[in-house]
$ cat entry31.cif   # mmCIF, C-alpha atoms and all ligand atoms
data_target
loop_
_atom_site.label_atom_id
_atom_site.label_comp_id
_atom_site.auth_asym_id
_atom_site.auth_seq_id
_atom_site.Cartn_x
_atom_site.Cartn_y
_atom_site.Cartn_z
CA MET A 586 214.91 122.78 126.66
CA SER A 587 213.64 119.87 124.57
CA SER A 588 215.10 121.06 121.28
CA THR A 589 218.16 123.04 120.30
CA ASN A 590 216.06 124.78 117.58
CA ARG A 591 213.99 126.56 120.17
CA VAL A 592 214.77 130.22 120.81
CA PRO A 593 215.44 131.35 124.39
CA PRO A 594 212.50 132.59 126.51
CA PRO A 595 211.47 136.24 126.10
CA PRO A 596 213.09 138.71 128.50
CA VAL A 597 211.36 139.50 131.79
CA PRO A 598 210.12 143.05 131.21
CA ASP A 599 211.33 145.98 133.30
CA PRO A 600 208.61 148.64 132.95
CA THR A 601 211.01 151.39 134.05
CA LYS A 602 213.20 150.65 131.01
CA ILE A 603 210.29 150.35 128.57
CA PHE A 604 208.23 153.33 129.66
CA GLN A 605 209.44 156.90 129.99
CA ARG A 606 210.43 158.10 133.48
CA GLY A 607 207.94 160.64 134.83
CA LEU A 608 205.15 159.09 132.71
CA PHE A 609 202.78 159.08 135.70
CA LYS A 610 204.08 162.23 137.43
CA GLY A 611 201.18 163.97 139.19
CA LYS A 612 198.95 160.88 139.01
CA VAL A 613 197.54 158.99 141.99
CA VAL A 614 196.77 155.27 141.91
CA LEU A 615 194.58 153.51 144.48
CA ALA A 616 194.92 149.74 144.77
CA THR A 617 193.03 147.21 146.87
CA GLY A 618 195.17 144.19 147.70
CA GLY A 619 198.09 146.56 147.13
CA GLY A 620 200.17 145.42 150.09
CA SER A 621 201.63 142.30 148.49
CA GLY A 622 202.05 140.15 145.40
CA ILE A 623 201.13 141.10 141.87
CA VAL A 624 199.18 144.22 142.86
CA MET A 625 202.01 145.63 144.98
CA GLU A 626 204.37 145.08 142.05
CA MET A 627 201.94 146.92 139.72
CA VAL A 628 201.80 149.84 142.16
CA LYS A 629 205.59 149.85 142.47
CA ALA A 630 206.07 150.13 138.70
CA LEU A 631 203.56 153.00 138.46
CA MET A 632 205.37 154.74 141.35
CA GLN A 633 208.78 154.21 139.75
CA LEU A 634 207.32 156.05 136.76
CA GLY A 635 206.17 158.97 138.94
CA ALA A 636 202.77 158.13 140.50
CA ASP A 637 201.85 158.48 144.17
CA ALA A 638 199.77 155.68 145.69
CA ILE A 639 197.04 154.77 148.13
CA ILE A 640 197.14 151.08 149.00
CA ILE A 641 194.48 149.17 150.90
CA SER A 642 194.35 145.74 152.49
CA ARG A 643 192.92 144.06 155.57
CA SER A 644 195.94 144.03 157.86
CA LYS A 645 196.85 147.50 159.20
CA GLU A 646 200.37 146.45 160.17
CA LYS A 647 201.10 144.85 156.79
CA ILE A 648 199.68 147.66 154.67
CA GLU A 649 201.50 150.38 156.59
CA SER A 650 204.78 148.53 156.32
CA SER A 651 204.22 147.91 152.56
CA ALA A 652 203.43 151.61 152.04
CA ALA A 653 206.67 152.56 153.81
CA ASP A 654 208.63 150.07 151.65
CA LEU A 655 207.09 151.42 148.43
CA SER A 656 207.85 155.04 149.37
CA ARG A 657 211.43 154.19 150.28
CA GLU A 658 212.05 152.15 147.12
CA THR A 659 210.52 154.63 144.67
CA GLY A 660 210.90 158.07 146.28
CA GLN A 661 207.16 158.70 145.73
CA LYS A 662 204.39 159.15 148.31
CA CYS A 663 202.49 156.06 149.35
CA VAL A 664 199.87 155.83 152.08
CA GLY A 665 198.40 152.58 153.35
CA PHE A 666 195.01 152.05 154.98
CA SER A 667 193.41 148.94 156.36
CA ALA A 668 189.93 148.12 155.09
CA ASP A 669 188.06 144.95 154.16
CA VAL A 670 186.71 145.33 150.62
CA ARG A 671 183.56 143.54 151.84
CA SER A 672 182.74 146.59 153.97
CA PRO A 673 181.56 149.67 152.02
CA ALA A 674 181.94 151.81 155.16
CA GLN A 675 185.57 150.77 155.76
CA LEU A 676 186.39 151.28 152.09
CA LYS A 677 184.81 154.72 152.02
CA GLU A 678 186.82 155.76 155.07
CA ALA A 679 190.07 154.51 153.48
CA VAL A 680 189.30 156.25 150.17
CA ASP A 681 188.40 159.51 151.97
CA ASN A 682 191.61 159.35 154.02
CA GLY A 683 193.65 158.63 150.89
CA VAL A 684 192.14 161.55 149.01
CA LYS A 685 192.73 163.78 152.03
CA GLU A 686 196.44 162.85 151.89
CA LEU A 687 197.05 162.79 148.13
CA GLY A 688 194.28 165.02 146.77
CA LYS A 689 192.64 162.85 144.11
CA ILE A 690 192.46 159.45 142.41
CA ASP A 691 193.37 158.91 138.74
CA PHE A 692 193.72 155.15 138.54
CA VAL A 693 192.20 152.28 140.49
CA ILE A 694 193.42 148.69 140.61
CA CYS A 695 190.76 146.35 142.01
CA GLY A 696 193.12 143.61 143.12
CA ALA A 697 191.88 142.22 146.45
CA ALA A 698 191.00 138.53 146.07
CA GLY A 699 190.57 135.34 148.05
CA ASN A 700 190.92 131.78 146.86
CA PHE A 701 191.57 128.17 147.86
CA LEU A 702 191.15 124.78 146.24
CA ALA A 703 187.94 122.92 147.09
CA PRO A 704 185.55 120.65 145.18
CA ILE A 705 181.89 121.69 145.24
CA SER A 706 181.20 118.74 147.55
CA ALA A 707 183.53 120.26 150.16
CA LEU A 708 182.55 123.89 149.55
CA SER A 709 180.05 125.22 152.09
CA GLU A 710 177.57 127.89 151.07
CA ASN A 711 179.54 130.29 153.23
CA ALA A 712 182.84 129.34 151.61
CA PHE A 713 181.37 130.04 148.15
CA LYS A 714 179.84 133.30 149.36
CA THR A 715 183.09 134.40 151.04
CA VAL A 716 184.99 134.39 147.75
CA ILE A 717 182.10 136.03 145.87
CA ASP A 718 182.00 138.67 148.62
CA ILE A 719 185.74 139.42 148.42
CA ASP A 720 186.22 139.27 144.64
CA THR A 721 182.90 140.39 143.16
CA LEU A 722 181.27 142.51 145.84
CA GLY A 723 184.72 143.82 146.82
CA THR A 724 185.23 145.06 143.25
CA TYR A 725 181.75 146.58 143.19
CA ASN A 726 182.30 148.28 146.55
CA THR A 727 185.67 149.65 145.40
CA VAL A 728 184.14 151.07 142.24
CA LYS A 729 181.29 152.66 144.23
CA ALA A 730 183.74 154.21 146.71
CA THR A 731 186.04 155.64 144.03
CA MET A 732 183.99 156.39 140.90
CA GLU A 733 183.17 160.03 141.63
CA HIS A 734 186.89 160.71 142.17
CA VAL A 735 187.84 158.86 138.98
CA LYS A 736 185.15 160.69 136.97
CA ARG A 737 186.71 163.98 138.08
CA THR A 738 190.16 163.01 136.74
CA HIS A 739 188.91 161.09 133.66
CA GLY A 740 190.90 158.17 135.00
CA ALA A 741 190.84 154.41 134.55
CA TYR A 742 190.20 151.09 136.28
CA ILE A 743 192.08 147.81 136.01
CA HIS A 744 190.40 144.78 137.57
CA VAL A 745 192.73 141.87 138.26
CA SER A 746 190.79 138.84 137.12
CA ALA A 747 191.85 135.33 136.04
CA THR A 748 191.49 132.78 133.24
CA LEU A 749 189.96 130.09 135.50
CA HIS A 750 186.45 130.61 134.19
CA TYR A 751 187.25 130.50 130.47
CA ARG A 752 186.96 126.72 130.79
CA GLY A 753 185.61 124.54 133.57
CA LEU A 754 188.31 124.12 136.21
CA ILE A 755 187.95 121.65 139.06
CA TYR A 756 188.05 122.93 142.65
CA GLN A 757 187.45 126.51 141.45
CA ALA A 758 183.65 126.93 141.35
CA HIS A 759 183.75 129.87 143.78
CA ALA A 760 186.65 131.78 142.21
CA SER A 761 185.49 131.04 138.64
CA ALA A 762 182.01 132.41 139.34
CA ALA A 763 183.47 135.41 141.17
CA LYS A 764 185.91 136.35 138.42
CA ALA A 765 183.33 135.84 135.65
CA ALA A 766 181.17 138.38 137.45
CA VAL A 767 184.10 140.79 137.76
CA ASP A 768 184.67 140.55 133.99
CA ALA A 769 181.01 141.33 133.36
CA LEU A 770 181.09 144.23 135.80
CA SER A 771 184.10 145.77 134.09
CA GLN A 772 182.26 145.85 130.77
CA VAL A 773 179.30 147.66 132.29
CA ILE A 774 181.61 150.14 134.06
CA ALA A 775 183.29 150.81 130.69
CA VAL A 776 179.94 151.62 129.10
CA GLU A 777 178.39 153.55 132.01
CA LEU A 778 181.49 155.61 132.82
CA GLY A 779 182.83 155.99 129.25
CA PRO A 780 180.92 159.24 128.69
CA PHE A 781 182.70 160.63 131.79
CA GLY A 782 186.09 159.83 130.24
CA VAL A 783 186.66 156.80 132.47
CA ARG A 784 188.04 153.50 131.11
CA SER A 785 187.73 150.03 132.61
CA ASN A 786 189.70 146.95 131.60
CA ILE A 787 190.41 143.44 132.84
CA VAL A 788 193.89 142.00 133.26
CA ALA A 789 193.88 138.20 133.59
CA PRO A 790 197.24 136.84 134.74
CA GLY A 791 198.31 133.27 134.02
CA ALA A 792 200.68 131.38 136.33
CA ILE A 793 202.90 134.01 137.94
CA MET A 794 205.88 132.94 140.03
CA GLY A 795 206.24 133.92 143.66
CA THR A 796 202.57 134.72 144.29
CA VAL A 797 200.06 133.56 146.91
CA GLY A 798 197.88 132.30 144.07
CA MET A 799 200.64 130.14 142.62
CA ASN A 800 201.60 128.79 146.05
CA LYS A 801 198.00 128.07 147.03
CA LEU A 802 196.76 126.65 143.77
CA SER A 803 199.74 124.72 142.47
CA LYS A 804 202.11 122.12 143.82
CA LYS A 805 204.71 123.27 141.30
CA LYS A 806 207.75 125.10 142.51
CA ASP A 807 209.09 127.92 140.37
CA GLY A 808 209.69 126.71 136.80
CA GLU A 809 209.86 123.10 137.92
CA ASP A 810 207.61 121.37 135.41
CA GLN A 811 207.20 121.33 131.66
CA MET A 812 204.69 124.18 131.37
CA GLY A 813 207.62 126.56 131.17
CA GLU A 814 208.70 124.59 128.13
CA ALA A 815 205.24 124.45 126.63
CA MET A 816 204.55 128.16 126.52
CA LEU A 817 207.02 130.90 125.65
CA GLY A 818 209.71 129.08 127.56
CA ARG A 819 209.31 130.57 131.02
CA TRP A 820 206.75 131.10 133.74
CA GLY A 821 205.14 134.52 134.25
CA GLU A 822 206.80 137.14 136.44
CA LYS A 823 205.02 139.87 138.38
CA SER A 824 206.59 142.48 136.09
CA ASP A 825 204.77 140.91 133.11
CA ILE A 826 201.59 142.17 134.80
CA SER A 827 203.08 145.54 135.87
CA SER A 828 203.97 146.25 132.26
CA ILE A 829 200.42 145.87 131.00
CA ALA A 830 199.18 148.10 133.84
CA CYS A 831 201.64 150.82 132.75
CA TYR A 832 200.48 150.40 129.17
CA LEU A 833 196.76 150.56 129.97
CA PHE A 834 197.04 153.53 132.37
CA SER A 835 199.27 155.49 129.96
CA ASP A 836 197.97 157.45 126.99
CA ALA A 837 198.89 154.43 124.84
CA GLY A 838 195.73 152.87 126.26
CA ALA A 839 193.57 155.98 125.78
CA TRP A 840 191.19 154.31 123.33
CA ILE A 841 191.04 150.93 125.04
CA THR A 842 188.12 150.15 127.34
CA GLY A 843 185.83 147.24 128.17
CA GLN A 844 188.54 144.74 127.15
CA LYS A 845 190.20 141.69 128.69
CA PHE A 846 193.95 141.21 128.54
CA VAL A 847 195.17 137.69 129.18
CA VAL A 848 198.84 137.73 130.19
CA ASP A 849 199.76 134.05 130.38
CA GLY A 850 202.52 133.40 127.86
CA GLY A 851 200.03 131.57 125.64
CA GLU A 852 199.07 128.90 128.21
CA LEU A 853 195.36 129.20 127.46
CA HIS A 854 195.96 128.04 123.92
CA MET A 855 197.87 124.92 124.88
CA PRO A 856 195.68 121.90 124.12
CA PRO A 857 195.80 119.24 126.87
CA GLN A 858 197.44 116.66 124.57
CA MET A 859 200.45 118.97 124.34
CA THR A 860 200.92 119.24 128.08
CA SER A 861 200.09 115.59 128.78
CA GLY A 862 203.05 114.51 126.70
CA ASN A 863 201.23 112.84 123.78
CA PHE A 864 202.96 115.33 121.50
CA PRO A 865 206.51 116.25 122.40
CA TYR A 866 206.01 120.01 122.49
CA PRO A 867 207.80 122.23 121.57
CA GLN A 868 209.99 119.70 119.78
CA ALA A 869 207.10 118.85 117.41
CA VAL A 870 207.05 122.40 116.03
CA VAL A 871 210.67 123.44 116.17
CA ASP A 872 211.89 120.13 114.70
CA PRO A 873 209.03 118.25 112.95
CA ALA A 874 211.45 115.82 111.31
CA SER A 875 212.29 114.39 114.70
CA VAL A 876 208.68 113.30 115.28
CA VAL A 877 207.93 112.16 111.73
CA GLY A 878 206.28 108.97 113.01
CA LEU A 879 203.49 111.08 114.57
CA ILE A 880 202.41 112.87 111.39
CA LYS A 881 201.51 111.74 107.93
CA SER A 882 202.10 115.00 106.03
CA ARG A 883 205.13 115.59 103.82
CA LEU A 884 207.89 117.57 105.49
N1 LIG B 901 188.41 124.72 151.65
C1 LIG B 901 187.08 124.79 151.88
N2 LIG B 901 186.48 125.80 152.56
C2 LIG B 901 187.29 126.79 153.03
C3 LIG B 901 188.70 126.79 152.82
C4 LIG B 901 189.25 125.69 152.10
N3 LIG B 901 190.55 125.61 151.87
N4 LIG B 901 189.21 127.93 153.38
C5 LIG B 901 188.17 128.58 153.93
N5 LIG B 901 187.03 127.90 153.70
C6 LIG B 901 185.69 128.26 154.16
C7 LIG B 901 185.60 128.32 155.66
O1 LIG B 901 185.45 127.02 156.22
C8 LIG B 901 184.38 129.19 155.85
O2 LIG B 901 183.19 128.48 155.59
P1 LIG B 901 182.26 127.89 156.83
O3 LIG B 901 181.85 129.09 157.62
O4 LIG B 901 181.13 127.19 156.16
O5 LIG B 901 183.16 126.96 157.60
C9 LIG B 901 184.48 130.19 154.70
O6 LIG B 901 185.36 129.60 153.73
C10 LIG B 901 185.06 131.49 155.14
O7 LIG B 901 186.32 131.24 155.72
P2 LIG B 901 187.02 132.30 156.67
O8 LIG B 901 188.37 131.78 157.02
O9 LIG B 901 186.09 132.66 157.77
O10 LIG B 901 187.10 133.58 155.70
P3 LIG B 901 188.12 134.73 155.68
O11 LIG B 901 187.39 135.92 155.21
O12 LIG B 901 188.91 134.87 156.92
O13 LIG B 901 189.17 134.25 154.56
C11 LIG B 901 189.68 133.28 152.44
C12 LIG B 901 188.88 134.29 153.21
C13 LIG B 901 189.26 131.94 152.95
C14 LIG B 901 189.36 133.38 150.99
C15 LIG B 901 191.19 133.46 152.67
O14 LIG B 901 191.85 132.46 151.97
C16 LIG B 901 191.74 134.82 152.24
O15 LIG B 901 191.32 135.86 152.71
N6 LIG B 901 192.72 134.86 151.37
C17 LIG B 901 193.25 136.16 150.89
C18 LIG B 901 194.44 135.96 150.06
C19 LIG B 901 194.24 135.00 148.93
O16 LIG B 901 193.69 133.95 149.06
N7 LIG B 901 194.69 135.34 147.77
C20 LIG B 901 194.59 134.42 146.67
C21 LIG B 901 194.67 135.10 145.39
S1 LIG B 901 194.55 133.90 144.11
#
$ encode --input "entry31.cif" --output "structure tokens" --more "lines below"
Ligand code: COA
Amino acid sequence: MSSTNRVPPPPVPDPTKIFQRGLFKGKVVLATGGGSGIVMEMVKALMQLGADAIIISRSKEKIESSAADLSRETGQKCVGFSADVRSPAQLKEAVDNGVKELGKIDFVICGAAGNFLAPISALSENAFKTVIDIDTLGTYNTVKATMEHVKRTHGAYIHVSATLHYRGLIYQAHASAAKAAVDALSQVIAVELGPFGVRSNIVAPGAIMGTVGMNKLSKKKDGEDQMGEAMLGRWGEKSDISSIACYLFSDAGAWITGQKFVVDGGELHMPPQMTSGNFPYPQAVVDPASVVGLIKSRL
């Protein structure tokens, strides 16, 4: 904490304490990439609030063990199927099997993603295409495999995107292009499926602790550098993302579609001079008198 005037970080949300128990009773959520990380945590929160779940990822062993964990921890039904989102046939089979077990699909989380750091000079055409195939085509394939089910229930989609592509980010040409396309796709889904009572929104997480993305894309260990200071005073937690999923899938989100929700503690609005240390942030705002040499205005 760089200044005693600064208030403590906001609490880490617990969706089960914010939202009413039984909120999603009778609902079924299907999630790709649902066997780990942020997406598994989103599914868990929806299940704790009453939903049953179909989760899909590539590894059969991992997805079946994650489904068993989710059922045990929440007391709800969860079935896991292995499928590569790049394969429409595998996805269709997983969706059909899921519907056979749980009867229907109300909500879909398109969460499967692949990423790594590489400059364009070291990115082969196949490497670029691989990430486009997983993120963009994978989202498209998931929508194609589920949309008739979701039309029947007047349900909703959440696509887990990113903020990488809002600016130019080095080593992220592949993922930036892929996620920009996912954002565009979500808007078209919102418009094409709106008349069928289906909503589609984007959730774009910032830096979330304890995720593959954070471990792969950052050298920082949990809360170790000053970004925690520069934003709302802490890094993101998976439950920050679960909470917005509960909000968007609940009736509170009934009139929200075709939108993007950035959940990053304000990081996107931090100008580089703040994080590079030229301005001692947050000290400069919570105690301007202490940095009076930097500014010419009257305090
Ligand atoms: N730098 C540069 N190129 C890389 C790379 C890296 N770190 N990792 C993989 N590639 C390239 C490979 O060399 C290959 O290209 P080539 O055929 O020209 O050599 C291409 O990407 C495909 O790699 P492959 O390992 O065959 O693909 P895959 O389907 O098994 O794996 C990944 C896909 C690479 C995206 C893998 O990281 C993945 O599946 N991750 C899933 C989880 C994840 O990353 N989540 C992150 C969320 S932010």
$ atom_distance --input "entry31.cif" --atom1 "atom CA of A:Val773" --atom2 "atom CA of A:Tyr725"
11.2 Å
$ closest_atom_pairs --input "entry31.cif" --of "chain A" --to "ligand LIG 901 (chain B)" --cutoff "9 Å" --atoms "all atoms listed in the file" --output "tab-separated table"
residue	atom	partner	partner_atom	distance
A:Gly618	CA	B:LIG901	C18	8.6
A:Gly622	CA	B:LIG901	C21	8.9
A:Arg643	CA	B:LIG901	O15	8.8
A:Gly696	CA	B:LIG901	C21	8.9
A:Ala697	CA	B:LIG901	N7	7.5
A:Ala698	CA	B:LIG901	C21	5.1
A:Gly699	CA	B:LIG901	O16	3.6
A:Asn700	CA	B:LIG901	O16	4.1
A:Phe701	CA	B:LIG901	N3	4.9
A:Leu702	CA	B:LIG901	N3	5.7
A:Ala703	CA	B:LIG901	N1	4.9
A:Pro704	CA	B:LIG901	C1	8.0
A:Ile705	CA	B:LIG901	C1	9.0
A:Ala707	CA	B:LIG901	C1	6.0
A:Leu708	CA	B:LIG901	C1	5.2
A:Ser709	CA	B:LIG901	O4	4.6
A:Glu710	CA	B:LIG901	O4	6.3
A:Asn711	CA	B:LIG901	O4	4.6
A:Ala712	CA	B:LIG901	O6	3.3
A:Phe713	CA	B:LIG901	O6	6.9
A:Lys714	CA	B:LIG901	C9	7.7
A:Thr715	CA	B:LIG901	C10	5.4
A:Val716	CA	B:LIG901	C14	5.5
A:Asp718	CA	B:LIG901	O11	8.9
A:Ile719	CA	B:LIG901	C14	7.5
A:Ala747	CA	B:LIG901	S1	8.6
A:Ala760	CA	B:LIG901	S1	8.4
A:Thr796	CA	B:LIG901	C21	8.0
A:Val797	CA	B:LIG901	C20	5.5
A:Gly798	CA	B:LIG901	S1	3.7
A:Met799	CA	B:LIG901	S1	7.3
A:Asn800	CA	B:LIG901	S1	8.9
A:Lys801	CA	B:LIG901	C20	7.2
A:Leu802	CA	B:LIG901	S1	7.6
$ atom_distance --input "entry31.cif" --atom1 "atom CA of A:Phe864" --atom2 "atom CA of A:Glu822"
26.7 Å
$ atom_distance --input "entry31.cif" --atom1 "atom CA of A:Gln757" --atom2 "atom CA of A:Val776"
29.0 Å
$ residues_around --input "entry31.cif" --residues "stretch 737-739 of chain A" --least-positions-apart "4" --cutoff "9 Å" --atoms "only C-alpha atoms" --output "CSV table (one decimal) with C-alpha atoms, in the coordinates of the input"
chain,number,residue,atom,x,y,z
A,689,LYS,CA,192.6,162.8,144.1
A,690,ILE,CA,192.5,159.4,142.4
A,691,ASP,CA,193.4,158.9,138.7
A,692,PHE,CA,193.7,155.2,138.5
A,732,MET,CA,184.0,156.4,140.9
A,733,GLU,CA,183.2,160.0,141.6
A,781,PHE,CA,182.7,160.6,131.8
A,782,GLY,CA,186.1,159.8,130.2
A,783,VAL,CA,186.7,156.8,132.5
A,784,ARG,CA,188.0,153.5,131.1
$ residues_around --input "entry31.cif" --residues "A:Thr601" --least-positions-apart "2" --cutoff "8 Å" --atoms "only C-alpha atoms" --output "number ranges by chain"
A: 599, 603-606, 630, 633-634
$ residues_around --input "entry31.cif" --residues "A:Val670" --least-positions-apart "5" --cutoff "8 Å" --atoms "all atoms listed in the file" --output "ChimeraX atom specification"
/A:617,642,675-676,697,719,722-724,726-727
$ residues_around --input "entry31.cif" --residues "A:Val847" --least-positions-apart "6" --cutoff "10 Å" --atoms "only C-alpha atoms" --output "list in words"
Ser746, Ala747, Thr748, Ile787, Val788, Ala789, Pro790, Gly791, Ile826, Ile829 and Leu853 of chain A
$ write_last_selection --input "entry31.cif" --atoms "C-alpha atoms" --output "PDB file, in the coordinates of the input"
ATOM      1  CA  SER A 746     190.790 138.840 137.120  1.00  0.00           C
ATOM      2  CA  ALA A 747     191.850 135.330 136.040  1.00  0.00           C
ATOM      3  CA  THR A 748     191.490 132.780 133.240  1.00  0.00           C
ATOM      4  CA  ILE A 787     190.410 143.440 132.840  1.00  0.00           C
ATOM      5  CA  VAL A 788     193.890 142.000 133.260  1.00  0.00           C
ATOM      6  CA  ALA A 789     193.880 138.200 133.590  1.00  0.00           C
ATOM      7  CA  PRO A 790     197.240 136.840 134.740  1.00  0.00           C
ATOM      8  CA  GLY A 791     198.310 133.270 134.020  1.00  0.00           C
ATOM      9  CA  ILE A 826     201.590 142.170 134.800  1.00  0.00           C
ATOM     10  CA  ILE A 829     200.420 145.870 131.000  1.00  0.00           C
ATOM     11  CA  LEU A 853     195.360 129.200 127.460  1.00  0.00           C
TER      12      LEU A 853
END
$ closest_residue --input "entry31.cif" --among "A:Val848, A:Ala792, A:Val870, A:Val767" --to "A:Ser827" --atoms "all atoms listed in the file"
A:Val848
$ decode --input "entry31.cif" --residues "stretch 616-627 of chain A" --atoms "N, CA and C atoms" --output "JSON list (two decimals), in the first residue's frame"
[["chain", "number", "residue", "atom", "x", "y", "z"],
["A", 616, "ALA", "N", -20.74, -25.96, -20.94],
["A", 616, "ALA", "CA", -19.54, -25.12, -21.01],
["A", 616, "ALA", "C", -18.40, -25.85, -21.70],
["A", 617, "THR", "N", -17.84, -25.24, -22.74],
["A", 617, "THR", "CA", -16.60, -25.78, -23.31],
["A", 617, "THR", "C", -15.43, -25.20, -22.50],
["A", 618, "GLY", "N", -14.40, -25.99, -22.33],
["A", 618, "GLY", "CA", -13.30, -25.56, -21.47],
["A", 618, "GLY", "C", -13.73, -25.58, -20.01],
["A", 619, "GLY", "N", -14.77, -26.36, -19.72],
["A", 619, "GLY", "CA", -15.38, -26.33, -18.38],
["A", 619, "GLY", "C", -14.70, -27.22, -17.36],
["A", 620, "GLY", "N", -13.59, -27.85, -17.74],
["A", 620, "GLY", "CA", -12.95, -28.79, -16.81],
["A", 620, "GLY", "C", -11.89, -28.16, -15.94],
["A", 621, "SER", "N", -11.61, -26.87, -16.13],
["A", 621, "SER", "CA", -10.59, -26.23, -15.30],
["A", 621, "SER", "C", -10.72, -24.72, -15.36],
["A", 622, "GLY", "N", -9.97, -24.06, -14.49],
["A", 622, "GLY", "CA", -9.79, -22.61, -14.54],
["A", 622, "GLY", "C", -11.05, -21.79, -14.35],
["A", 623, "ILE", "N", -11.06, -20.66, -15.03],
["A", 623, "ILE", "CA", -12.15, -19.69, -14.89],
["A", 623, "ILE", "C", -13.49, -20.33, -15.24],
["A", 624, "VAL", "N", -13.52, -21.10, -16.34],
["A", 624, "VAL", "CA", -14.81, -21.63, -16.81],
["A", 624, "VAL", "C", -15.37, -22.64, -15.81],
["A", 625, "MET", "N", -14.50, -23.48, -15.25],
["A", 625, "MET", "CA", -14.97, -24.44, -14.25],
["A", 625, "MET", "C", -15.55, -23.71, -13.04],
["A", 626, "GLU", "N", -14.90, -22.61, -12.67],
["A", 626, "GLU", "CA", -15.38, -21.82, -11.52],
["A", 626, "GLU", "C", -16.75, -21.18, -11.83],
["A", 627, "MET", "N", -16.92, -20.75, -13.09],
["A", 627, "MET", "CA", -18.23, -20.18, -13.48],
["A", 627, "MET", "C", -19.31, -21.26, -13.36]]
